[in-house]
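Reviewing the structure listed below.
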Amino acid sequence: MRRTTFARAVALGAIAALALAGCGTSDTGTKTTAKSGGFVPPSLKALDKLGTPEGSVNVLAWPGYVEDGSNDKAYDWVTGFEKSSGCQVNIKTFGTSDEAVQLMRTGQYDTVSASGDATLRLIAAGDVEPVNTSLISNYPDIFDALKNKPWNSVNNVVYGIPHGRGANLLMYRTDKVSPAPDSWSVVFDGGSAYKGGVTAYDSPIYIADAALYLMSTKPDLAIKNPYALDARQLAASVDLLKAQKANVSEYWSDYLKEVQAFKAGSTVVGTTWQVIANLAQSEKAPVAVTLPKEGATGWSDTWMVSAKSKHKTCAYLFIDHLVSPKVNAQVAEYFGEAPANRKSCAETVAKDHCTIFHADDEAYFSKVYYWNTPIPQCLDGRTDVKCTDYAEWTKAWTAIRNS
Amino acid sequence: MRRRLTLAGLLAPPLLWLVVAYLGALGAIFATAVWSTDPFTNQVVRTFTTDNLRTLVSDPTYLRIIGRTLMIATSVTALCALIAIPFAFFMAKVAPPRVRGLLVALVLVPLWASYLVKAYAWRTMLGPGGVLDSVLGGTPGYGFTAVVITLTYLWLPYMILPVYAGLEKLPDSHLEASADLGAGNWTTFRRVVMPALLPSIAAGTIFTFSLSLGDYIAVQIVGGTLQVLGTAVLQNITLDLPFAAALGTASVVIMVVYLLAVRRTGALENL
Amino acid sequence: MRLTRRARAGLWAVSAAVVLFVYLPLLVIALNSFNSDRTFGWPPPSLTVKWWQLAAQADGPRNALRTSVEAGLGATALALVLGSLLAFALTRYSFFGRQAISLLVVLPIALPGIVTGVALQSVIQNVLSPVFGISAGLFTIIVGHATFCIVVVFNNVTARLRRFGSSLEAASADLGARPLTTFRLVTFPLLRSALLAGAILAFGLSFDEIVVTTFTAGPGSPTLPIWIFNNLFRPNQAPVVNVVAVVLVLVSILPVWAAQRLGDNAAAESRL
């Protein structure tokens with residue numbers, strides 16, 4: 001009879017376990033036929049009109065996009081917004097698009113600055129809802145070339161507000177790397193010259209950078225779009241990256257860790273964002289950046305609104321604030337990218353900022369391959385082969401990291 | 001009947017949390033290991049498949065990760081034991097009582113110093129131009145060695161305390177008797193001290209082994225390009241939860257096997 | 001075992017080396033809190049008290065500290081209650097499944113933190129949030145920490161209960177005291193120092209925990225370890241983090257000293 005107490009507990013536990021397993025992870029039953037991005041997103045409705053500000057908003061942002069003065073008192077475009085709107089801004093930064101998708105999935109964040117390799121996944125999973133562009137007063141001033149693009153809209157439904165765009169650059173220590181590099185070969189084939197000092201971005205999307213390099217160096221592979229890789233092309237990129245690993249000191253996803261590594265000299269050459277170079281230079285590290293001749297991958301980011309958000313009005317107000325001329329100019333200068341609002345070009349401190357960053361130069365950006373989500377339906381239009389999808393890229397990346 | 005009611009009353013609240021919520025959640029997570037993921041939305045698809053578990057035991061990448069993690073855990077455990085035993089012996093048997101109290105305090109204080117900051121201190125010490133480089137003229141750099149050194153440093157108190165407790169329980173008279181019977185120091189140590197210490201050492205190893213098995217943050221800080229089991233779980237958690245669950249299951253299985261093996265030595269009483 | 005002079009000297013040397021090994025990184029941290037170079041170049045180009053001034057004014061660490069203390073106290077309280085209940089149940093009664101439960105109690109601390117964290121996160125997302133409306137925040141952090149703090153209290157109380165047996169309580173009952181009185185006048189005083197030792201260790205575990213906390217915390221105010229993790233690599237904040245660390249070490253001397261005063265064998269008995 002002593003067994004009954006414990007037996008009851010075990011029975012209770014078993015029932016509870018089954019119940020929890022039943023609840024488990026939510027399965028919305030989304031049918032993703034993934035036809036060249038032509039999947040069917042869950043039907044969600046955009047906000048009709050703005051209500052009263054909810055008092056706070058939880059923002060997921062790439063580092064450098066939302067500065068509130070805690071990094072550097074001179075850069076703060078949040079405190080003013082908090083005062084005028086009454087929305088307290090809680091900022092969380094992430095290092096890779098995978099982290100962004102992960103964090104958005106928890107439903108705790110109201111808005112996210114998503115790159116093209118995150119947007120479609122968020123849309124397909126129902127984590128974000130369509131955006132009512134009439135509620136964003138600055139939307140008409142945004143460059144048309146950024147609106148209604150395959151990565152921020154589906155079937156003509158707009159899912160986000162463009163933020164800005166730029167290219168991934170090559171950074172190097174001017175005192176340790178010579179001659180000044182002009183090609184990605186310094187981190188790939190020529191990387192052995194800097195063995196133990198190379199860095200690479202710690203995300204599967206970096207495979208596209210290897211593919212981009214192969215576009216110039218191995219034309220027989222016939223890679224047309226670094227995100228449209230069939231099995232053979234992916235294997236070639238993976239081999240290149242496995243060879244690179246021998247020279248890598250650290251893979252980075254935390255941008256400040258990269259600043260420190262370059263400053264300390266444990267890393268001397270590798271891929272970077274302009275903001276990292278700016279910060280390193282302000283730390284008196286002797287670094288310089290360049291856009292190599294093979295071209296580069298890049299990003300065109302979009303502010304999206306969470307479907308589960310409880311602070312939608314504050315989210316819309318904050319997005320509108322970020323794409324307003326003055327603020328978008330501040331972000332663009334701090335981060336080092338082309339702004340989304342055409343009026344920002346007149347607001348930048350450096351008068352030639354927009355020219356340097358090719359804000360209105362579509363010809364330039366046609367050579368920058370924005371981060372995109374690899375899917376089985378080849379993004380370059382081929383129908384005779386199946387391309388590899390992001391899940392395979394993730395597995396490949398783990399294999400590279402542990403080779 | 002009263003006793004049974006009291007027992008039920010005593011057990012109910014903790015068991016409710018531990019069994020129902022904690023075990024239940026663990027069970028749900030491990031159940032996920034036999035499901036799969038939609039490759040585009042990364043959401044869990046509830047169709048039974050053993051693919052994840054099969055990948056785990058056949059794919060060299062993951063075998064390498066698991067093997068590497070096990071090596072780190074055993075190295076750290078061995079090093080911790082090697083350092084802790086003489087130190088604890090000194091504390092318990094050789095040091096005068098006042099020094100003993102001071103030493104115990106000295107061992108406990110670093111436990112409060114924040115794991116992250118200690119790991120970061122090692123990062124600066126091991127980096128190029130850091131303390132080791134300027135004092136010793138060279139540094140192992142970030143990688144496997146750095147991880148083992150850092151983890152040994154972090155978990156050392158968890159090994160010292162149980163071993164010290166075990167040594168305190170060992171009566172001095174046993175040691176004297178052994179000497180009287182003609183045993184040399186080393187023989188006494190081998191045949192009197194160690195067997196008595198075995199449960200305590202095993203208890204200490206539970207901590208060092210398990211903490212090293214699951215650690216990924218110190219690895220991120222001083223590990224360079226190293227990836228361990230925890231890193232792999234973290235990378236897959238939202239984007240391929242079933243696979244992350246399979247990885248988690250592997251680590252849990254390793255730990256449970258270790259706990260069951262170590263239970264026989266009486267370690268769980270000496271935690 | 002009779003130790004020769006040489007053996008004794010050897011042990012003294014080894015122990016001194018171990019103490020040096022343990023405290024060297026802490027000294028480096030302390031030195032770096034005065035390092036004028038923000039990225040802690042070594043050797044320090046010059047010393048400054050700038051970071052200490054900054055830290056004294058900074059809001060971030062103060063709020064994070066408050067959150068950590070609240071979470072620690074909550075988790076310790078929960079762990080004290082649940083751990084003691086379990087200890088009583090397992091030492092004073094024998095029933096089927098006793099061994100299994102003693103293994104179960106160790107699980108949260110023996111399993112890798114990330115597994116515990118993911119499990120708790122799924123409980124929050126799938127049960128607490130939709131059913132009870134509790135979203136990730138201070139409460140979930142407390143619950144998460146209590147889960148692995150239970151074992152610390154459990155071990156300490158069990159060790160103490162085993163040492164004294166139930167004869168004292170039986171004697172008290174024979175003398176006519178009711179169960180509650182017995183608990184108040186006999187059992188609790190016996191347990192007091194074990195509870196305190198367990199509480200201090202539980203608080204310490206909770207205070208420094210990062211992995212499980214990452215999964216159970218919400219976007220609101222972070223605990224101190226999470227704040228440190230977020231700021232470890234920020235050029236402006238990293239030196240402040242060092243200052244915070246030094247303060248933590250200095251302040252921790254207090255509870256360690258208190259634990260020492262609990263009795264001669266408190267440290268030996270205190271179970272992790």
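Ordering of the structure tokens sets the chain letters (A, B, ...), residue numbers begin anew at 1 in every chain, and ligands are numbered from 1 in the order given.
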Distance query Gln53 of chain C at most 12 Å, only C-alpha atoms, self and fewer than 2 positions along chain excluded, as a ChimeraX atom specification = /C:33-34,48-51,55-58,239-240,243-244
Non-local contacts of Asp117 of chain A (9 Å; only C-alpha atoms; under 6 positions in same chain excluded) as a list in words =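 That gives Ser97, Asp98, Trp151, Ile205, Trp299, Tyr370, Trp371, Asn372, Thr373 and Pro374 of chain A.
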Excluding Trp227 of chain C and any residue of its chain fewer than 3 positions from it, enumerate the residues within 9 Å of it, using only C-alpha atoms, and give them as a list in words.
-> Gly60, Pro61, Ala64, Ser221, Pro222, Thr223, Leu224, Asn230, Asn231, Leu232 and Val241 of chain C
Give me every alpha helix (DSSP H) residue in segment 81-239 of chain C, going by DSSP on the backbone, as a count of residues only.
-> 112
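When DSSP is run on the backbone, the residues of segment 25-262 of chain B that fall into strand (DSSP E) are Ser36, Thr37, Val44 and Val45 of chain B.
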Tell me which protein, DNA and RNA residues are within 12 Å of Tyr142 of chain B, counting only C-alpha atoms, leaving out same-chain ones fewer than 5 positions away, and put them as a ChimeraX atom specification.
-> /A:196-197,248-251,261,266-267 /B:119-120,122-128,130,147-150,218-226
Any chance you could tabulate, as JSON lines, the residues of chain B at most 9 Å from chain A with each one's nearest atom pair and distance in Å to one decimal, using only C-alpha atoms, in chain and rising number order?
{"residue": "B:Arg4", "atom": "CA", "partner": "A:Arg2", "partner_atom": "CA", "distance": 7.5}
{"residue": "B:Leu5", "atom": "CA", "partner": "A:Thr5", "partner_atom": "CA", "distance": 8.9}
{"residue": "B:Leu7", "atom": "CA", "partner": "A:Thr5", "partner_atom": "CA", "distance": 8.3}
{"residue": "B:Ala8", "atom": "CA", "partner": "A:Thr5", "partner_atom": "CA", "distance": 6.4}
{"residue": "B:Ala12", "atom": "CA", "partner": "A:Ala9", "partner_atom": "CA", "distance": 8.0}
{"residue": "B:Leu15", "atom": "CA", "partner": "A:Ala9", "partner_atom": "CA", "distance": 7.6}
{"residue": "B:Leu16", "atom": "CA", "partner": "A:Ala9", "partner_atom": "CA", "distance": 8.0}
{"residue": "B:Val19", "atom": "CA", "partner": "A:Gly13", "partner_atom": "CA", "distance": 5.7}
{"residue": "B:Val20", "atom": "CA", "partner": "A:Gly13", "partner_atom": "CA", "distance": 4.7}
{"residue": "B:Ala21", "atom": "CA", "partner": "A:Ala16", "partner_atom": "CA", "distance": 7.7}
{"residue": "B:Leu23", "atom": "CA", "partner": "A:Ala17", "partner_atom": "CA", "distance": 7.5}
{"residue": "B:Gly24", "atom": "CA", "partner": "A:Ala17", "partner_atom": "CA", "distance": 4.1}
{"residue": "B:Ala25", "atom": "CA", "partner": "A:Leu20", "partner_atom": "CA", "distance": 6.7}
{"residue": "B:Leu26", "atom": "CA", "partner": "A:Ala17", "partner_atom": "CA", "distance": 8.5}
{"residue": "B:Gly27", "atom": "CA", "partner": "A:Ala17", "partner_atom": "CA", "distance": 6.3}
{"residue": "B:Ala28", "atom": "CA", "partner": "A:Ala21", "partner_atom": "CA", "distance": 4.6}
{"residue": "B:Ile29", "atom": "CA", "partner": "A:Ala21", "partner_atom": "CA", "distance": 7.9}
{"residue": "B:Ala31", "atom": "CA", "partner": "A:Ala21", "partner_atom": "CA", "distance": 7.2}
{"residue": "B:Thr32", "atom": "CA", "partner": "A:Gly24", "partner_atom": "CA", "distance": 8.3}
{"residue": "B:Asp38", "atom": "CA", "partner": "A:Thr32", "partner_atom": "CA", "distance": 8.2}
{"residue": "B:Pro39", "atom": "CA", "partner": "A:Ala391", "partner_atom": "CA", "distance": 5.7}
{"residue": "B:Phe40", "atom": "CA", "partner": "A:Arg121", "partner_atom": "CA", "distance": 6.4}
{"residue": "B:Thr41", "atom": "CA", "partner": "A:Ala125", "partner_atom": "CA", "distance": 5.0}
{"residue": "B:Asn42", "atom": "CA", "partner": "A:Ala125", "partner_atom": "CA", "distance": 7.7}
{"residue": "B:Gln43", "atom": "CA", "partner": "A:Asp27", "partner_atom": "CA", "distance": 6.7}
{"residue": "B:Val44", "atom": "CA", "partner": "A:Asp27", "partner_atom": "CA", "distance": 6.5}
{"residue": "B:Val45", "atom": "CA", "partner": "A:Asp27", "partner_atom": "CA", "distance": 7.1}
{"residue": "B:Arg46", "atom": "CA", "partner": "A:Asp27", "partner_atom": "CA", "distance": 8.4}
{"residue": "B:Pro60", "atom": "CA", "partner": "A:Ala399", "partner_atom": "CA", "distance": 8.6}
{"residue": "B:Thr61", "atom": "CA", "partner": "A:Ala399", "partner_atom": "CA", "distance": 5.5}
{"residue": "B:Tyr62", "atom": "CA", "partner": "A:Ala399", "partner_atom": "CA", "distance": 8.2}
{"residue": "B:Arg64", "atom": "CA", "partner": "A:Asn402", "partner_atom": "CA", "distance": 7.3}
{"residue": "B:Ile65", "atom": "CA", "partner": "A:Asn402", "partner_atom": "CA", "distance": 7.1}
{"residue": "B:Gly127", "atom": "CA", "partner": "A:Ser266", "partner_atom": "CA", "distance": 7.3}
{"residue": "B:Pro128", "atom": "CA", "partner": "A:Ser266", "partner_atom": "CA", "distance": 6.2}
{"residue": "B:Gly129", "atom": "CA", "partner": "A:Ala264", "partner_atom": "CA", "distance": 7.7}
{"residue": "B:Tyr142", "atom": "CA", "partner": "A:Ser249", "partner_atom": "CA", "distance": 7.9}
{"residue": "B:Gly223", "atom": "CA", "partner": "A:Glu250", "partner_atom": "CA", "distance": 8.5}
{"residue": "B:Gly224", "atom": "CA", "partner": "A:Glu250", "partner_atom": "CA", "distance": 4.9}
{"residue": "B:Thr225", "atom": "CA", "partner": "A:Glu250", "partner_atom": "CA", "distance": 5.1}
{"residue": "B:Leu226", "atom": "CA", "partner": "A:Asn402", "partner_atom": "CA", "distance": 7.6}
{"residue": "B:Gln227", "atom": "CA", "partner": "A:Asn402", "partner_atom": "CA", "distance": 6.8}
{"residue": "B:Ala232", "atom": "CA", "partner": "A:Thr398", "partner_atom": "CA", "distance": 8.0}
{"residue": "B:Gln235", "atom": "CA", "partner": "A:Asp98", "partner_atom": "CA", "distance": 8.3}
{"residue": "B:Asn236", "atom": "CA", "partner": "A:Thr394", "partner_atom": "CA", "distance": 8.9}
{"residue": "B:Ile237", "atom": "CA", "partner": "A:Gln102", "partner_atom": "CA", "distance": 7.9}
{"residue": "B:Thr238", "atom": "CA", "partner": "A:Gln102", "partner_atom": "CA", "distance": 5.3}
{"residue": "B:Leu239", "atom": "CA", "partner": "A:Gln102", "partner_atom": "CA", "distance": 7.1}
{"residue": "B:Asp240", "atom": "CA", "partner": "A:Ala391", "partner_atom": "CA", "distance": 8.4}
Residue subset to file, keeping C-alpha atoms, as a JSON list (two decimals), in the first residue's frame:
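Okay, this is what ended up in part.json:
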[["chain", "number", "residue", "atom", "x", "y", "z"],
["B", 4, "ARG", "CA", 1.02, 8.12, 4.56],
["B", 5, "LEU", "CA", -0.89, 11.35, 4.42],
["B", 7, "LEU", "CA", 4.31, 11.59, 3.43],
["B", 8, "ALA", "CA", 2.02, 12.55, 0.57],
["B", 12, "ALA", "CA", 3.43, 16.53, -3.21],
["B", 15, "LEU", "CA", 7.29, 16.24, -6.79],
["B", 16, "LEU", "CA", 4.60, 18.26, -8.48],
["B", 19, "VAL", "CA", 8.09, 15.24, -11.86],
["B", 20, "VAL", "CA", 5.18, 16.89, -13.55],
["B", 21, "ALA", "CA", 6.67, 20.09, -14.84],
["B", 23, "LEU", "CA", 10.37, 15.73, -16.09],
["B", 24, "GLY", "CA", 7.30, 16.28, -18.20],
["B", 25, "ALA", "CA", 8.99, 19.08, -20.12],
["B", 26, "LEU", "CA", 12.13, 16.98, -20.52],
["B", 27, "GLY", "CA", 10.02, 14.11, -21.77],
["B", 28, "ALA", "CA", 8.28, 16.38, -24.26],
["B", 29, "ILE", "CA", 11.61, 17.66, -25.52],
["B", 31, "ALA", "CA", 9.85, 13.04, -27.67],
["B", 32, "THR", "CA", 10.57, 15.77, -30.19],
["B", 38, "ASP", "CA", 9.74, 21.55, -42.21],
["B", 39, "PRO", "CA", 12.86, 22.76, -44.03],
["B", 40, "PHE", "CA", 11.47, 26.19, -44.91],
["B", 41, "THR", "CA", 9.53, 27.40, -41.89],
["B", 42, "ASN", "CA", 11.62, 25.36, -39.44],
["B", 43, "GLN", "CA", 8.50, 24.28, -37.62],
["B", 44, "VAL", "CA", 8.17, 20.87, -36.07],
["B", 45, "VAL", "CA", 6.40, 18.26, -38.16],
["B", 46, "ARG", "CA", 4.98, 15.47, -36.07],
["B", 60, "PRO", "CA", 31.21, 11.95, -38.61],
["B", 61, "THR", "CA", 30.62, 15.63, -37.93],
["B", 62, "TYR", "CA", 28.44, 14.96, -34.92],
["B", 64, "ARG", "CA", 33.42, 14.32, -33.78],
["B", 65, "ILE", "CA", 31.53, 16.95, -31.78],
["B", 127, "GLY", "CA", 45.30, 36.15, -26.05],
["B", 128, "PRO", "CA", 48.19, 37.43, -28.14],
["B", 129, "GLY", "CA", 50.03, 40.03, -26.09],
["B", 142, "TYR", "CA", 42.24, 30.06, -28.21],
["B", 223, "GLY", "CA", 37.56, 28.27, -27.66],
["B", 224, "GLY", "CA", 38.44, 30.00, -30.91],
["B", 225, "THR", "CA", 36.80, 27.98, -33.67],
["B", 226, "LEU", "CA", 35.94, 25.07, -31.39],
["B", 227, "GLN", "CA", 32.41, 23.74, -31.37],
["B", 232, "ALA", "CA", 25.40, 22.37, -31.63],
["B", 235, "GLN", "CA", 22.50, 26.34, -33.13],
["B", 236, "ASN", "CA", 19.64, 23.98, -33.83],
["B", 237, "ILE", "CA", 17.17, 24.88, -31.13],
["B", 238, "THR", "CA", 14.67, 26.91, -33.08],
["B", 239, "LEU", "CA", 15.59, 26.01, -36.60],
["B", 240, "ASP", "CA", 15.63, 22.25, -36.13]]
Report as JSON lines: every residue of chain C with an atom at most 7 Å from chain B, its closest pair of atoms, and their distance in Å to one decimal, counting only C-alpha atoms, with rows sorted by chain and ascending residue number.
{"residue": "C:Met1", "atom": "CA", "partner": "B:Leu175", "partner_atom": "CA", "distance": 4.7}
{"residue": "C:Arg2", "atom": "CA", "partner": "B:Ala179", "partner_atom": "CA", "distance": 6.6}
{"residue": "C:Leu11", "atom": "CA", "partner": "B:Phe90", "partner_atom": "CA", "distance": 6.1}
{"residue": "C:Val14", "atom": "CA", "partner": "B:Phe87", "partner_atom": "CA", "distance": 7.0}
{"residue": "C:Ser15", "atom": "CA", "partner": "B:Phe87", "partner_atom": "CA", "distance": 5.3}
{"residue": "C:Val22", "atom": "CA", "partner": "B:Tyr153", "partner_atom": "CA", "distance": 7.0}
{"residue": "C:Pro25", "atom": "CA", "partner": "B:Ala121", "partner_atom": "CA", "distance": 5.8}
{"residue": "C:Val28", "atom": "CA", "partner": "B:Ala121", "partner_atom": "CA", "distance": 6.8}
{"residue": "C:Ile29", "atom": "CA", "partner": "B:Ala121", "partner_atom": "CA", "distance": 6.1}
{"residue": "C:Trp42", "atom": "CA", "partner": "B:Gly130", "partner_atom": "CA", "distance": 5.4}
{"residue": "C:Leu82", "atom": "CA", "partner": "B:Pro14", "partner_atom": "CA", "distance": 5.1}
{"residue": "C:Leu85", "atom": "CA", "partner": "B:Leu10", "partner_atom": "CA", "distance": 5.1}
{"residue": "C:Leu86", "atom": "CA", "partner": "B:Leu11", "partner_atom": "CA", "distance": 6.0}
{"residue": "C:Ala89", "atom": "CA", "partner": "B:Leu10", "partner_atom": "CA", "distance": 5.9}
{"residue": "C:Ala110", "atom": "CA", "partner": "B:Ser210", "partner_atom": "CA", "distance": 5.7}
{"residue": "C:Leu111", "atom": "CA", "partner": "B:Val252", "partner_atom": "CA", "distance": 6.1}
{"residue": "C:Pro112", "atom": "CA", "partner": "B:Gly214", "partner_atom": "CA", "distance": 4.2}
{"residue": "C:Gly113", "atom": "CA", "partner": "B:Gly214", "partner_atom": "CA", "distance": 6.3}
{"residue": "C:Ile114", "atom": "CA", "partner": "B:Gly214", "partner_atom": "CA", "distance": 6.8}
{"residue": "C:Val115", "atom": "CA", "partner": "B:Gly248", "partner_atom": "CA", "distance": 6.0}
{"residue": "C:Ala119", "atom": "CA", "partner": "B:Ala25", "partner_atom": "CA", "distance": 5.1}
{"residue": "C:Leu120", "atom": "CA", "partner": "B:Ala25", "partner_atom": "CA", "distance": 6.7}
{"residue": "C:Ser122", "atom": "CA", "partner": "B:Ala25", "partner_atom": "CA", "distance": 6.8}
{"residue": "C:Val123", "atom": "CA", "partner": "B:Ala25", "partner_atom": "CA", "distance": 6.0}
{"residue": "C:Asn155", "atom": "CA", "partner": "B:Leu271", "partner_atom": "CA", "distance": 6.9}
{"residue": "C:Gly204", "atom": "CA", "partner": "B:Trp112", "partner_atom": "CA", "distance": 6.6}
{"residue": "C:Asp208", "atom": "CA", "partner": "B:Ser114", "partner_atom": "CA", "distance": 5.6}
{"residue": "C:Phe229", "atom": "CA", "partner": "B:Leu116", "partner_atom": "CA", "distance": 6.9}
{"residue": "C:Ala245", "atom": "CA", "partner": "B:Ala113", "partner_atom": "CA", "distance": 6.0}
{"residue": "C:Leu248", "atom": "CA", "partner": "B:Ala113", "partner_atom": "CA", "distance": 6.0}
{"residue": "C:Val249", "atom": "CA", "partner": "B:Ala113", "partner_atom": "CA", "distance": 5.0}
{"residue": "C:Ser252", "atom": "CA", "partner": "B:Trp112", "partner_atom": "CA", "distance": 6.1}
{"residue": "C:Ile253", "atom": "CA", "partner": "B:Val109", "partner_atom": "CA", "distance": 6.2}
{"residue": "C:Val256", "atom": "CA", "partner": "B:Ala105", "partner_atom": "CA", "distance": 6.2}
{"residue": "C:Ala268", "atom": "CA", "partner": "B:Ala165", "partner_atom": "CA", "distance": 4.5}
{"residue": "C:Glu269", "atom": "CA", "partner": "B:Ala165", "partner_atom": "CA", "distance": 6.6}
{"residue": "C:Arg271", "atom": "CA", "partner": "B:Leu271", "partner_atom": "CA", "distance": 5.6}
{"residue": "C:Leu272", "atom": "CA", "partner": "B:Leu271", "partner_atom": "CA", "distance": 5.8}
Atoms to include: C-alpha atoms. Write the selected residues as a compact mmCIF listing (two decimals), in the first residue's frame.
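again11.txt, written as the output of this step:
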# COMPACT_ATOMS: atom_id res chain seq x y z
CA MET C 1 50.94 8.23 7.71
CA ARG C 2 53.88 10.19 8.88
CA LEU C 11 52.45 20.05 0.11
CA VAL C 14 51.66 22.82 -4.02
CA SER C 15 48.94 24.50 -2.03
CA VAL C 22 43.02 30.47 -8.29
CA PRO C 25 42.86 35.73 -12.96
CA VAL C 28 44.11 40.39 -13.55
CA ILE C 29 40.46 41.42 -13.46
CA TRP C 42 48.56 44.06 -21.50
CA LEU C 82 10.77 22.24 -1.44
CA LEU C 85 10.09 18.79 2.36
CA LEU C 86 11.86 16.33 0.12
CA ALA C 89 10.22 12.65 3.10
CA ALA C 110 23.58 17.23 -13.33
CA LEU C 111 22.08 17.67 -16.78
CA PRO C 112 23.64 20.25 -19.05
CA GLY C 113 22.16 23.66 -18.38
CA ILE C 114 21.06 24.05 -21.95
CA VAL C 115 18.81 20.97 -21.74
CA ALA C 119 12.84 22.18 -21.20
CA LEU C 120 11.81 25.10 -18.99
CA SER C 122 8.99 24.90 -23.54
CA VAL C 123 7.04 24.74 -20.27
CA ASN C 155 21.63 17.56 0.37
CA GLY C 204 25.26 31.71 -4.92
CA ASP C 208 25.82 33.40 -11.01
CA PHE C 229 27.14 38.77 -20.94
CA ALA C 245 33.21 41.74 -10.90
CA LEU C 248 31.17 41.10 -6.38
CA VAL C 249 34.28 39.31 -5.17
CA SER C 252 31.18 37.91 -1.36
CA ILE C 253 33.72 37.74 1.42
CA VAL C 256 31.67 33.24 3.07
CA ALA C 268 32.94 20.46 5.58
CA GLU C 269 29.30 19.64 5.90
CA ARG C 271 27.04 20.14 0.42
CA LEU C 272 27.08 21.46 -3.08
